[in-house]
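Colleague: What follows is data_36.txt, compact mmCIF, C-alpha atoms and all ligand atoms.
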```txt
# COMPACT_ATOMS: atom_id res chain seq x y z
CA MET N 18 23.88 -61.45 -76.33
CA GLY N 19 22.01 -58.22 -75.36
CA LYS N 20 22.91 -54.82 -76.77
CA PRO N 21 25.74 -52.86 -75.06
CA LEU N 22 24.44 -50.29 -72.52
CA THR N 23 25.64 -47.32 -74.59
CA GLU N 24 23.28 -48.37 -77.33
CA VAL N 25 20.37 -48.96 -74.97
CA PHE N 26 20.75 -45.41 -73.68
CA SER N 27 20.17 -43.77 -77.05
CA HIS N 28 19.02 -40.09 -76.97
CA ALA N 29 15.38 -41.07 -76.69
CA ASN N 30 16.13 -43.47 -73.86
CA MET N 31 18.25 -40.87 -72.03
CA ALA N 32 15.31 -38.46 -72.01
CA ASN N 33 13.18 -41.17 -70.37
CA ALA N 34 15.94 -41.92 -67.91
CA ASN N 35 16.16 -38.25 -66.88
CA GLN N 36 12.40 -38.17 -66.40
CA LEU N 37 12.66 -41.31 -64.30
CA LYS N 38 15.39 -39.68 -62.19
CA ILE N 39 13.20 -36.62 -61.56
CA ASP N 40 10.23 -38.87 -60.70
CA LEU N 41 12.39 -40.76 -58.21
CA TYR N 42 13.70 -37.55 -56.67
CA ASP N 43 10.13 -36.33 -56.28
CA ARG N 44 8.92 -39.54 -54.78
CA PHE N 45 11.66 -39.82 -52.13
CA SER N 46 11.73 -37.08 -49.60
CA VAL N 47 13.24 -36.29 -46.24
CA ALA N 48 10.93 -34.54 -43.77
CA GLY N 49 8.54 -33.80 -46.63
CA ILE N 50 11.23 -32.14 -48.81
CA PRO N 51 11.90 -34.00 -52.11
CA ILE N 52 15.52 -35.13 -52.33
CA TYR N 53 15.77 -33.20 -55.59
CA TYR N 54 15.61 -29.89 -53.70
CA MET N 55 18.31 -31.02 -51.34
CA ILE N 56 21.02 -31.16 -53.98
CA PRO N 57 21.96 -27.47 -53.52
CA LEU N 58 22.03 -28.07 -49.75
CA TYR N 59 24.27 -31.09 -50.27
CA ARG N 60 26.58 -29.01 -52.52
CA ALA N 61 26.81 -26.30 -49.85
CA TRP N 62 27.58 -28.91 -47.20
CA ALA N 63 30.22 -30.48 -49.44
CA SER N 64 31.96 -27.13 -49.99
CA THR N 65 35.44 -26.72 -48.51
CA ALA N 66 34.39 -24.00 -46.03
CA ALA N 67 31.54 -26.14 -44.71
CA GLN N 68 33.83 -29.13 -44.38
CA ILE N 69 36.36 -27.10 -42.38
CA ILE N 70 33.59 -25.88 -40.05
CA THR N 71 32.08 -29.35 -39.54
CA SER N 72 35.45 -30.98 -38.96
CA ALA N 73 36.37 -28.25 -36.42
CA LEU N 74 33.03 -28.83 -34.66
CA GLY N 75 33.56 -32.60 -34.74
CA THR N 76 37.05 -32.23 -33.29
CA GLY N 77 35.70 -29.96 -30.54
CA ILE N 78 32.99 -32.47 -29.61
CA LEU N 79 35.53 -35.32 -29.63
CA ILE N 80 37.89 -33.39 -27.35
CA TYR N 81 35.00 -32.59 -24.98
CA LEU N 82 33.82 -36.23 -24.87
CA SER N 83 37.38 -37.53 -24.37
CA TYR N 84 37.95 -35.02 -21.55
CA SER N 85 34.66 -36.07 -19.87
CA PHE N 86 35.56 -39.72 -20.24
CA VAL N 87 39.08 -39.31 -18.84
CA SER N 88 37.76 -37.17 -15.94
CA TYR N 89 35.19 -39.85 -15.17
CA LEU N 90 37.86 -42.60 -15.28
CA TRP N 91 40.02 -40.52 -12.94
CA GLU N 92 37.06 -40.15 -10.57
CA LEU N 93 36.69 -43.94 -10.55
CA VAL N 94 40.32 -44.72 -9.78
CA ARG N 95 41.35 -41.86 -7.51
CA PRO N 96 41.36 -42.76 -3.81
CA SER N 97 38.40 -41.64 -1.69
CA VAL N 98 39.08 -39.15 1.11
CA LEU N 99 36.30 -40.59 3.29
CA GLN N 100 38.67 -41.36 6.17
CA LYS N 101 39.34 -37.67 6.76
CA TYR N 102 35.83 -37.51 8.23
CA CYS N 103 36.72 -40.14 10.83
CA HIS N 104 38.85 -37.80 12.91
CA VAL N 105 37.69 -38.20 16.48
CA GLN N 106 39.65 -40.65 18.66
CA THR N 107 36.51 -42.26 20.01
CA GLY N 108 35.29 -42.73 16.41
CA SER N 109 33.24 -40.19 14.48
CA TRP N 110 29.53 -40.79 13.96
CA ALA N 111 27.56 -41.02 10.75
CA LEU N 112 23.78 -40.59 10.60
CA VAL N 113 22.09 -42.68 7.93
CA THR N 114 18.42 -41.92 7.33
CA GLY N 115 16.20 -44.77 6.14
CA ALA N 116 18.84 -47.23 7.36
CA ASN N 117 16.66 -50.29 7.91
CA ASP N 118 16.79 -51.53 4.35
CA GLY N 119 18.22 -51.25 0.86
CA ILE N 120 20.79 -48.56 0.10
CA GLY N 121 20.56 -47.02 3.60
CA ARG N 122 21.41 -50.29 5.28
CA ALA N 123 24.27 -50.79 2.80
CA PHE N 124 25.60 -47.32 3.69
CA ALA N 125 25.48 -48.21 7.41
CA ASP N 126 27.35 -51.45 6.74
CA GLU N 127 30.05 -49.75 4.64
CA LEU N 128 30.57 -46.93 7.14
CA LEU N 129 30.90 -49.33 10.08
CA GLU N 130 33.40 -51.32 8.04
CA ARG N 131 35.46 -48.12 7.57
CA GLY N 132 35.61 -47.28 11.27
CA PHE N 133 32.60 -45.00 11.81
CA ASN N 134 29.96 -45.36 14.52
CA VAL N 135 26.47 -45.23 13.04
CA LEU N 136 23.20 -43.68 14.12
CA LEU N 137 20.44 -45.54 12.30
CA HIS N 138 17.23 -43.73 11.45
CA GLY N 139 13.92 -45.38 10.54
CA ARG N 140 10.22 -45.40 11.32
CA ASN N 141 9.86 -48.95 12.59
CA GLU N 142 11.42 -49.42 16.03
CA GLU N 143 11.29 -53.20 16.05
CA LYS N 144 13.06 -53.37 12.73
CA LEU N 145 15.63 -50.78 13.84
CA LYS N 146 16.42 -52.83 16.95
CA ARG N 147 16.85 -55.94 14.83
CA VAL N 148 19.11 -54.20 12.31
CA GLN N 149 21.13 -52.64 15.12
CA ALA N 150 21.64 -56.05 16.74
CA GLU N 151 22.68 -57.63 13.44
CA LEU N 152 25.16 -54.87 12.69
CA ALA N 153 26.51 -54.87 16.28
CA ALA N 154 27.19 -58.61 15.96
CA LYS N 155 29.05 -58.00 12.71
CA PHE N 156 31.01 -54.97 13.98
CA PRO N 157 31.47 -55.51 17.73
CA ARG N 158 34.03 -52.70 18.09
CA ARG N 159 31.77 -49.99 16.71
CA LYS N 160 29.04 -48.05 18.48
CA LEU N 161 25.50 -48.09 17.14
CA ASP N 162 22.33 -46.30 18.10
CA TYR N 163 19.00 -45.63 16.48
CA VAL N 164 16.32 -42.96 16.28
CA VAL N 165 12.68 -43.36 15.27
CA ALA N 166 10.98 -40.65 13.20
CA ASP N 167 8.42 -40.84 10.41
CA ALA N 168 10.12 -38.76 7.71
CA SER N 169 6.89 -38.31 5.77
CA SER N 170 4.93 -36.67 8.58
CA TYR N 171 4.18 -32.96 8.90
CA ASP N 172 5.08 -32.54 12.56
CA ARG N 173 8.76 -31.62 12.12
CA PRO N 174 10.12 -35.19 12.41
CA GLU N 175 13.70 -33.91 12.08
CA ARG N 176 13.51 -32.50 15.62
CA SER N 177 13.79 -35.86 17.35
CA VAL N 178 16.65 -36.82 15.05
CA VAL N 179 18.56 -33.61 15.84
CA GLU N 180 17.95 -34.15 19.57
CA LYS N 181 19.41 -37.65 19.31
CA VAL N 182 22.43 -36.36 17.36
CA GLU N 183 23.07 -33.77 20.09
CA ASN N 184 23.11 -36.54 22.69
CA LEU N 185 25.09 -39.31 21.06
CA PRO N 186 26.46 -41.98 23.45
CA GLY N 187 29.71 -40.94 25.14
CA GLY N 188 29.43 -37.39 23.77
CA GLY N 189 30.09 -38.71 20.24
CA LYS N 190 30.47 -36.24 17.36
CA LEU N 191 28.57 -36.44 14.10
CA THR N 192 30.69 -35.81 11.00
CA ILE N 193 28.64 -37.53 8.28
CA LEU N 194 25.01 -37.08 7.29
CA ILE N 195 23.62 -39.46 4.68
CA ASN N 196 20.21 -38.21 3.57
CA ASN N 197 19.15 -41.54 2.15
CA VAL N 198 15.53 -41.93 3.19
CA GLY N 199 13.15 -41.65 0.26
CA GLY N 200 11.15 -43.44 -2.33
CA VAL N 201 7.64 -43.45 -3.71
CA ASN N 202 6.26 -44.94 -0.53
CA THR N 203 2.57 -44.71 -1.48
CA SER N 204 0.32 -47.27 -3.09
CA PRO N 205 -0.04 -47.75 -6.00
CA GLN N 206 3.61 -47.01 -6.70
CA TYR N 207 2.95 -46.03 -10.34
CA CYS N 208 0.08 -43.61 -10.79
CA SER N 209 -0.96 -40.84 -13.20
CA LEU N 210 -0.61 -37.41 -11.62
CA LYS N 211 -4.29 -36.70 -12.32
CA ASP N 212 -5.33 -39.78 -10.32
CA MET N 213 -3.11 -39.26 -7.28
CA ARG N 214 -4.62 -38.61 -3.87
CA PRO N 215 -3.51 -35.21 -2.51
CA ALA N 216 -2.32 -36.86 0.71
CA ASP N 217 -0.05 -39.20 -1.28
CA ILE N 218 1.50 -36.27 -3.14
CA ASP N 219 2.22 -34.59 0.21
CA THR N 220 3.68 -37.79 1.65
CA GLN N 221 6.15 -38.02 -1.23
CA ILE N 222 7.12 -34.36 -0.99
CA ASN N 223 7.60 -34.59 2.78
CA LEU N 224 9.63 -37.78 2.61
CA ASN N 225 11.91 -36.90 -0.29
CA SER N 226 12.28 -33.13 -0.04
CA ARG N 227 10.94 -31.58 3.16
CA PHE N 228 12.55 -33.93 5.67
CA PRO N 229 16.11 -33.91 4.20
CA THR N 230 15.96 -30.11 3.81
CA HIS N 231 14.92 -29.48 7.43
CA LEU N 232 17.32 -32.09 8.76
CA THR N 233 20.28 -30.68 6.81
CA SER N 234 19.42 -27.12 7.78
CA ALA N 235 19.21 -28.03 11.46
CA LEU N 236 22.42 -30.10 11.45
CA LEU N 237 24.63 -27.73 9.45
CA PRO N 238 25.90 -25.68 12.44
CA LEU N 239 26.74 -28.84 14.35
CA LEU N 240 28.48 -30.41 11.34
CA HIS N 241 30.51 -27.24 10.95
CA GLU N 242 31.47 -27.35 14.60
CA ASN N 243 32.65 -30.96 14.11
CA LYS N 244 34.45 -30.19 10.85
CA PRO N 245 35.53 -31.54 8.48
CA ALA N 246 32.12 -33.02 7.73
CA LEU N 247 30.34 -34.65 4.83
CA ILE N 248 26.76 -34.61 3.54
CA ILE N 249 25.54 -37.08 0.91
CA ASN N 250 22.05 -36.72 -0.57
CA ALA N 251 20.38 -39.61 -2.38
CA GLY N 252 18.98 -38.34 -5.67
CA SER N 253 17.59 -40.35 -8.51
CA ALA N 254 17.90 -40.51 -12.29
CA ALA N 255 14.14 -39.83 -12.18
CA GLY N 256 15.01 -36.35 -10.92
CA VAL N 257 17.19 -35.73 -13.95
CA PHE N 258 14.96 -37.12 -16.67
CA GLY N 259 11.42 -36.96 -15.24
CA VAL N 260 9.80 -40.40 -15.27
CA PRO N 261 6.09 -40.85 -16.08
CA TYR N 262 3.71 -42.25 -13.45
CA ILE N 263 6.09 -41.23 -10.66
CA ALA N 264 5.87 -37.51 -11.37
CA PRO N 265 5.93 -36.08 -7.81
CA TYR N 266 8.80 -38.42 -6.87
CA SER N 267 10.74 -37.31 -9.98
CA ALA N 268 10.16 -33.68 -9.02
CA THR N 269 11.28 -34.17 -5.41
CA LYS N 270 14.51 -35.79 -6.60
CA GLY N 271 15.12 -32.92 -9.05
CA TYR N 272 14.72 -30.68 -6.00
CA ILE N 273 17.46 -32.66 -4.20
CA PHE N 274 19.93 -31.93 -7.00
CA ALA N 275 19.15 -28.21 -6.95
CA LEU N 276 19.28 -28.11 -3.14
CA THR N 277 22.69 -29.81 -3.11
CA LYS N 278 24.16 -27.52 -5.78
CA ALA N 279 22.79 -24.42 -4.05
CA LEU N 280 24.18 -25.56 -0.71
CA ALA N 281 27.58 -26.31 -2.29
CA SER N 282 27.68 -22.75 -3.70
CA GLU N 283 26.56 -21.35 -0.37
CA LEU N 284 29.40 -23.17 1.41
CA VAL N 285 31.89 -21.65 -1.05
CA ALA N 286 30.38 -18.17 -0.60
CA ASP N 287 30.61 -18.54 3.20
CA GLY N 288 34.17 -19.90 3.03
CA TRP N 289 32.98 -23.25 4.47
CA GLU N 290 33.80 -25.41 1.45
CA LYS N 291 36.88 -26.95 3.10
CA ASP N 292 34.88 -27.67 6.27
CA ILE N 293 31.83 -29.36 4.75
CA GLU N 294 31.75 -31.44 1.59
CA VAL N 295 28.38 -31.98 -0.01
CA MET N 296 27.34 -34.19 -2.88
CA SER N 297 24.24 -35.74 -4.42
CA LEU N 298 23.91 -39.11 -6.10
CA ILE N 299 22.28 -39.87 -9.42
CA ILE N 300 21.03 -43.33 -8.51
CA ASN N 301 19.36 -45.54 -11.07
CA ASN N 302 17.86 -49.01 -10.79
CA THR N 303 19.21 -50.59 -7.59
CA ARG N 304 17.94 -53.80 -5.95
CA SER N 305 16.33 -52.89 -2.64
CA ALA N 306 13.21 -53.40 -0.56
CA GLY N 307 11.65 -50.47 -2.40
CA ASN N 308 12.69 -51.54 -5.89
CA THR N 309 12.43 -55.08 -7.16
CA ALA N 310 12.25 -54.18 -10.88
CA GLU N 311 15.16 -55.55 -12.92
CA MET N 312 16.74 -53.79 -15.89
CA PRO N 313 19.17 -56.01 -17.79
CA LEU N 314 22.80 -54.76 -17.47
CA PHE N 315 21.88 -51.66 -15.50
CA THR N 316 20.55 -52.97 -12.18
CA ILE N 317 23.08 -52.92 -9.35
CA ASP N 318 23.08 -54.09 -5.73
CA ALA N 319 22.55 -51.69 -2.81
CA LYS N 320 26.07 -52.54 -1.60
CA ASP N 321 27.61 -51.47 -4.94
CA CYS N 322 25.62 -48.25 -4.79
CA ALA N 323 26.80 -47.34 -1.26
CA LYS N 324 30.38 -48.44 -1.91
CA GLY N 325 30.52 -46.50 -5.18
CA ALA N 326 29.10 -43.37 -3.54
CA LEU N 327 31.67 -43.46 -0.74
CA SER N 328 34.48 -43.93 -3.23
CA ARG N 329 33.47 -40.65 -4.94
CA VAL N 330 34.04 -38.69 -1.72
CA GLY N 331 36.56 -35.93 -2.34
CA SER N 332 36.14 -35.97 -6.13
CA GLY N 333 35.27 -32.27 -6.10
CA CYS N 334 32.08 -33.01 -8.06
CA VAL N 335 28.76 -32.07 -6.50
CA THR N 336 26.52 -34.37 -8.54
CA VAL N 337 27.92 -37.86 -9.10
CA TYR N 338 26.89 -41.26 -10.34
CA PRO N 339 27.63 -43.82 -7.64
CA ASN N 340 28.23 -46.57 -10.19
CA TRP N 341 29.78 -46.74 -13.66
CA ARG N 342 26.81 -48.69 -15.07
CA HIS N 343 24.48 -45.90 -14.05
CA ALA N 344 26.91 -43.37 -15.50
CA VAL N 345 26.89 -45.12 -18.89
CA GLN N 346 23.11 -45.44 -18.83
CA GLY N 347 22.64 -41.81 -17.79
CA THR N 348 25.04 -40.50 -20.43
CA VAL N 349 23.28 -42.42 -23.21
CA MET N 350 19.87 -41.28 -21.96
CA ALA N 351 21.05 -37.67 -21.88
CA LEU N 352 22.11 -37.90 -25.52
CA LEU N 353 18.61 -38.95 -26.62
CA PRO N 354 16.35 -36.16 -27.91
CA GLU N 355 13.55 -35.47 -25.41
CA LYS N 356 10.90 -36.83 -27.77
CA GLN N 357 12.78 -40.11 -28.23
CA PHE N 358 13.23 -40.41 -24.49
CA MET N 359 9.52 -39.91 -23.86
CA ALA N 360 8.58 -42.35 -26.62
CA MET N 361 10.80 -44.96 -24.97
CA MET N 362 10.00 -44.26 -21.31
CA GLY N 363 6.23 -43.85 -21.59
CA PRO N 364 5.35 -47.39 -22.74
CA GLU N 365 7.88 -48.99 -20.35
CA MET N 366 6.48 -47.19 -17.32
CA LYS N 367 2.89 -47.72 -18.45
CA LYS N 368 3.65 -51.44 -18.57
CA ARG N 369 4.91 -51.32 -14.97
CA LYS N 370 1.82 -49.38 -13.94
CA LEU N 371 -0.53 -51.90 -15.56
CA GLU N 372 1.42 -54.85 -14.14
CA GLU N 373 1.12 -53.32 -10.67
CA LEU N 374 -2.62 -52.76 -11.16
CA GLY N 375 -2.94 -56.38 -12.28
CA LYS N 376 -1.12 -57.49 -9.16
CA VAL N 377 -3.21 -55.28 -6.92
CA LYS N 378 -6.47 -56.57 -8.46
CA SER N 379 -5.42 -60.19 -8.14
CA LEU N 380 -4.76 -59.86 -4.38
N1 LIG Y 401 16.48 -48.47 -5.32
C1 LIG Y 401 16.50 -47.74 -6.42
O1 LIG Y 401 16.40 -48.25 -7.54
C2 LIG Y 401 16.66 -46.25 -6.32
C3 LIG Y 401 16.79 -45.53 -7.52
C4 LIG Y 401 16.95 -44.16 -7.43
C5 LIG Y 401 17.01 -43.52 -6.22
N2 LIG Y 401 16.87 -44.26 -5.07
C6 LIG Y 401 16.89 -43.51 -3.79
O2 LIG Y 401 17.76 -44.15 -2.87
C7 LIG Y 401 17.26 -44.01 -1.54
C8 LIG Y 401 17.12 -45.38 -0.89
O3 LIG Y 401 16.23 -46.17 -1.69
P1 LIG Y 401 16.00 -47.73 -1.42
O4 LIG Y 401 15.49 -48.29 -2.68
O5 LIG Y 401 17.18 -48.33 -0.78
O6 LIG Y 401 14.79 -47.66 -0.37
P2 LIG Y 401 14.08 -48.86 0.42
O7 LIG Y 401 14.70 -50.17 0.12
O8 LIG Y 401 12.63 -48.70 0.22
O9 LIG Y 401 14.44 -48.49 1.93
C9 LIG Y 401 14.03 -47.29 2.42
C10 LIG Y 401 14.30 -47.22 3.90
O10 LIG Y 401 13.74 -45.99 4.36
C11 LIG Y 401 12.81 -46.27 5.39
N3 LIG Y 401 11.66 -45.39 5.30
C12 LIG Y 401 10.75 -45.33 4.31
N4 LIG Y 401 9.83 -44.40 4.58
C13 LIG Y 401 10.16 -43.87 5.77
C14 LIG Y 401 9.59 -42.87 6.58
N5 LIG Y 401 8.46 -42.26 6.23
N6 LIG Y 401 10.21 -42.54 7.72
C15 LIG Y 401 11.34 -43.16 8.11
N7 LIG Y 401 11.91 -44.14 7.39
C16 LIG Y 401 11.33 -44.49 6.23
C17 LIG Y 401 12.37 -47.68 5.18
O11 LIG Y 401 11.88 -48.14 6.40
P3 LIG Y 401 10.95 -49.45 6.50
O12 LIG Y 401 11.93 -50.56 6.57
O13 LIG Y 401 10.18 -49.23 7.75
O14 LIG Y 401 10.10 -49.50 5.27
C18 LIG Y 401 13.64 -48.33 4.67
O15 LIG Y 401 14.47 -48.68 5.74
C19 LIG Y 401 15.93 -43.27 -1.67
O16 LIG Y 401 16.12 -41.90 -1.45
C20 LIG Y 401 15.53 -43.52 -3.11
O17 LIG Y 401 14.69 -42.52 -3.60
C21 LIG Y 401 16.71 -45.60 -5.10
```
Translate this file's structure into structure tokens.

Modeller:
Amino acid sequence: MGKPLTEVFSHANMANANQLKIDLYDRFSVAGIPIYYMIPLYRAWASTAAQIITSALGTGILIYLSYSFVSYLWELVRPSVLQKYCHVQTGSWALVTGANDGIGRAFADELLERGFNVLLHGRNEEKLKRVQAELAAKFPRRKLDYVVADASSYDRPERSVVEKVENLPGGGKLTILINNVGGVNTSPQYCSLKDMRPADIDTQINLNSRFPTHLTSALLPLLHENKPALIINAGSAAGVFGVPYIAPYSATKGYIFALTKALASELVADGWEKDIEVMSLIINNTRSAGNTAEMPLFTIDAKDCAKGALSRVGSGCVTVYPNWRHAVQGTVMALLPEKQFMAMMGPEMKKRKLEELGKVKSL
């Protein structure tokens, strides 16, 4: 049988044990500060006053998070007021930019389903005719038309769109504008800012920022005349967080959020907020012609994106997530410290960039 512990820790042994404790304290540190020096900090934290403050803070944060969560759930279940924008007997019109594919085409489909006539916008006439014919076959009672304009060009492409809107078949009235057209749209898709061609930077700015701004500005008086009216702008999570190797695109989408918020405030200041509703979408990974990358759990279909966006109409929020998966992803990402976010995003996007380069070289 060994000796009882009390005997082992005789006075001499206790002195060694204390030394050992100090050595251990010195050796283990947090952020370079030995744990030993943290004992007074710990005692302060453990004091009653500090505990009252931290528990009050914790309760405050919990109340805030619960409120946000319940508001978000309410947003998901409350009925959309989209139909109030379909108020003309002959059927109100919706203009969907970039309607040939992906989310734009899904918007067109959903709006036709809900009784709107749709003006499709795109840059490829053949494709527009094909999409129009397919949609007309699916929705024979709705009216469809199309307009061709290259949204990335400098020569005021919005003009031809506005002209078409002013001359809709049968004197139709536009009540919805979906500023959907956008994307990276240059090759390679992922590129360091320092390596980008100036013309490609301009193309992205024109497509994602310039065109929707001019188009909205030009159509606002007409939308007000046809009130109530709705404007939806397609933003991107890239515009919230800033994603490497798609820097100009990220910036243009950040611009969309600011533009939408500013316009919403302007409508309130002008007393037009009941006449025109405006909102922007924080879209994340969505399967489309322009995005074939898959993210487990968080990739949605274009149909879900358009459907979700239309169900948020009337929520009173200016910036919304069109889908709950993107909301969860965005909320978690927003909680990450910036450094953590960059450490996570950088390698992922670099991988995509290198994969794309590999693909391009192997062609
Ligand atoms: N998909 C995503 O993961 C994702 C994520 C965040 C945000 N978004 C945003 O959601 C919106 C729709 O994206 P998407 O992925 O559905 O796009 P997409 O599949 O690439 O489709 C874009 C549509 O816009 C048209 N288009 C492209 N450039 C044009 C131009 N210069 N002039 C006129 N039309 C043009 C395309 O026409 P063609 O058929 O001729 O190419 C196509 O019909 C964009 O604003 C995008 O930034 C998407």

Colleague: Go through N:Val335, N:Met359, N:Met366, N:Ile120 and flag the residue nearest Val198 in chain N, using all atoms listed in the file for the distances.

Modeller: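 Once distances to Val198 in chain N are computed over all atoms listed in the file, the minimum belongs to N:Ile120.
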
Colleague: Step by step, measure atom-to-atom distances between ligand LIG 401 (chain Y) and each residue using all atoms listed in the file, keep those at most 6 Å, then write them as a PyMOL selection string.

Modeller: chain N and resi 115-121+139-141+166-169+197-200+224+251-253+300-308

Colleague: Only C-alpha atoms, please: the residues just picked out, written as a PDB file, in the coordinates of the input.

Modeller:
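In the end it all went to out-v4.pdb:
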```pdb
ATOM      1  CA  GLY N 115      16.200 -44.770   6.140  1.00  0.00           C
ATOM      2  CA  ALA N 116      18.840 -47.230   7.360  1.00  0.00           C
ATOM      3  CA  ASN N 117      16.660 -50.290   7.910  1.00  0.00           C
ATOM      4  CA  ASP N 118      16.790 -51.530   4.350  1.00  0.00           C
ATOM      5  CA  GLY N 119      18.220 -51.250   0.860  1.00  0.00           C
ATOM      6  CA  ILE N 120      20.790 -48.560   0.100  1.00  0.00           C
ATOM      7  CA  GLY N 121      20.560 -47.020   3.600  1.00  0.00           C
ATOM      8  CA  GLY N 139      13.920 -45.380  10.540  1.00  0.00           C
ATOM      9  CA  ARG N 140      10.220 -45.400  11.320  1.00  0.00           C
ATOM     10  CA  ASN N 141       9.860 -48.950  12.590  1.00  0.00           C
ATOM     11  CA  ALA N 166      10.980 -40.650  13.200  1.00  0.00           C
ATOM     12  CA  ASP N 167       8.420 -40.840  10.410  1.00  0.00           C
ATOM     13  CA  ALA N 168      10.120 -38.760   7.710  1.00  0.00           C
ATOM     14  CA  SER N 169       6.890 -38.310   5.770  1.00  0.00           C
ATOM     15  CA  ASN N 197      19.150 -41.540   2.150  1.00  0.00           C
ATOM     16  CA  VAL N 198      15.530 -41.930   3.190  1.00  0.00           C
ATOM     17  CA  GLY N 199      13.150 -41.650   0.260  1.00  0.00           C
ATOM     18  CA  GLY N 200      11.150 -43.440  -2.330  1.00  0.00           C
ATOM     19  CA  LEU N 224       9.630 -37.780   2.610  1.00  0.00           C
ATOM     20  CA  ALA N 251      20.380 -39.610  -2.380  1.00  0.00           C
ATOM     21  CA  GLY N 252      18.980 -38.340  -5.670  1.00  0.00           C
ATOM     22  CA  SER N 253      17.590 -40.350  -8.510  1.00  0.00           C
ATOM     23  CA  ILE N 300      21.030 -43.330  -8.510  1.00  0.00           C
ATOM     24  CA  ASN N 301      19.360 -45.540 -11.070  1.00  0.00           C
ATOM     25  CA  ASN N 302      17.860 -49.010 -10.790  1.00  0.00           C
ATOM     26  CA  THR N 303      19.210 -50.590  -7.590  1.00  0.00           C
ATOM     27  CA  ARG N 304      17.940 -53.800  -5.950  1.00  0.00           C
ATOM     28  CA  SER N 305      16.330 -52.890  -2.640  1.00  0.00           C
ATOM     29  CA  ALA N 306      13.210 -53.400  -0.560  1.00  0.00           C
ATOM     30  CA  GLY N 307      11.650 -50.470  -2.400  1.00  0.00           C
ATOM     31  CA  ASN N 308      12.690 -51.540  -5.890  1.00  0.00           C
TER      32      ASN N 308
END
```

Colleague: What is the CA of Thr71 in chain N to CA of Phe45 in chain N distance in Å?

Modeller: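 Interatomic distance, CA of Thr71 in chain N to CA of Phe45 in chain N: 26.2 Å.
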
Colleague: For the atom pair CA of Ala67 in chain N and CA of Tyr81 in chain N, what is the interatomic distance in Å to one decimal place?

Modeller: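 Computed distance, CA of Ala67 in chain N to CA of Tyr81 in chain N, equals 21.0 Å.
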
Colleague: With distances taken over all atoms listed in the file, which residue among N:Gln100, N:Thr192, N:Thr203, N:Thr316 lies nearest His241 in chain N?

Modeller: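 Once distances to His241 in chain N are computed over all atoms listed in the file, the minimum belongs to N:Thr192.
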
Colleague: Quick one: distance from CA of Pro229 in chain N to CA of Pro339 in chain N in Å, one decimal?

Modeller: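 Separating CA of Pro229 in chain N from CA of Pro339 in chain N is a distance of 19.3 Å.
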
Colleague: Find the residues around Pro238 in chain N up to 12 Å (all atoms listed in the file counted), leave out those fewer than 2 positions away in its own chain, and share them as a PDB file with C-alpha atoms, in the frame of the given file.

Modeller:
```pdb
ATOM      1  CA  VAL N 179      18.560 -33.610  15.840  1.00  0.00           C
ATOM      2  CA  GLU N 183      23.070 -33.770  20.090  1.00  0.00           C
ATOM      3  CA  LEU N 191      28.570 -36.440  14.100  1.00  0.00           C
ATOM      4  CA  THR N 192      30.690 -35.810  11.000  1.00  0.00           C
ATOM      5  CA  LEU N 232      17.320 -32.090   8.760  1.00  0.00           C
ATOM      6  CA  THR N 233      20.280 -30.680   6.810  1.00  0.00           C
ATOM      7  CA  SER N 234      19.420 -27.120   7.780  1.00  0.00           C
ATOM      8  CA  ALA N 235      19.210 -28.030  11.460  1.00  0.00           C
ATOM      9  CA  LEU N 236      22.420 -30.100  11.450  1.00  0.00           C
ATOM     10  CA  LEU N 240      28.480 -30.410  11.340  1.00  0.00           C
ATOM     11  CA  HIS N 241      30.510 -27.240  10.950  1.00  0.00           C
ATOM     12  CA  GLU N 242      31.470 -27.350  14.600  1.00  0.00           C
ATOM     13  CA  ASN N 243      32.650 -30.960  14.110  1.00  0.00           C
ATOM     14  CA  LYS N 244      34.450 -30.190  10.850  1.00  0.00           C
ATOM     15  CA  PRO N 245      35.530 -31.540   8.480  1.00  0.00           C
ATOM     16  CA  ALA N 246      32.120 -33.020   7.730  1.00  0.00           C
ATOM     17  CA  LEU N 284      29.400 -23.170   1.410  1.00  0.00           C
ATOM     18  CA  TRP N 289      32.980 -23.250   4.470  1.00  0.00           C
ATOM     19  CA  ASP N 292      34.880 -27.670   6.270  1.00  0.00           C
ATOM     20  CA  ILE N 293      31.830 -29.360   4.750  1.00  0.00           C
TER      21      ILE N 293
END
```

Colleague: May I have the residues within 12 Å of Leu276 in chain N as an MDAnalysis selection string, using all atoms listed in the file and disregarding those fewer than 2 positions away in the same chain?

Modeller: chainID N and resid 225:227 229:231 233:234 248:252 269:274 278:283 295:297 335:336

Colleague: Take every atom of range 92-106 of chain N listed in the file, pad by 3 Å on each side, and give me the axis-aligned box centre and edge lengths in Å, one decimal, as JSON.

Modeller:
```
{"center_x": 38.6, "center_y": -41.1, "center_z": 4.0, "size_x": 11.5, "size_y": 13.2, "size_z": 35.2}
```

Colleague: Using only C-alpha atoms, which of N:Leu237, N:Val345, N:Leu194, N:Ala255 sits nearest Leu128 in chain N?

Modeller: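 Going through N:Leu237, N:Val345, N:Leu194, N:Ala255 one by one, the smallest distance to Leu128 in chain N is for N:Leu194.
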
Colleague: Write out as a CSV table (one decimal) with C-alpha atoms, in the frame of the given file the residues lying within 7 Å of Leu210 in chain N, counting all atoms listed in the file and excluding same-chain residues fewer than 3 positions away.

Modeller:
```csv
chain,number,residue,atom,x,y,z
N,213,MET,CA,-3.1,-39.3,-7.3
N,262,TYR,CA,3.7,-42.2,-13.4
N,264,ALA,CA,5.9,-37.5,-11.4
```

Colleague: Determine, counting only C-alpha atoms, which protein, DNA and RNA residues have an atom within 7 Å of an atom of Leu136 in chain N; residues of the same chain fewer than 6 positions away are not included. Present the result as an NGL selection string.

Modeller: :N and (110-113 or 161-163)
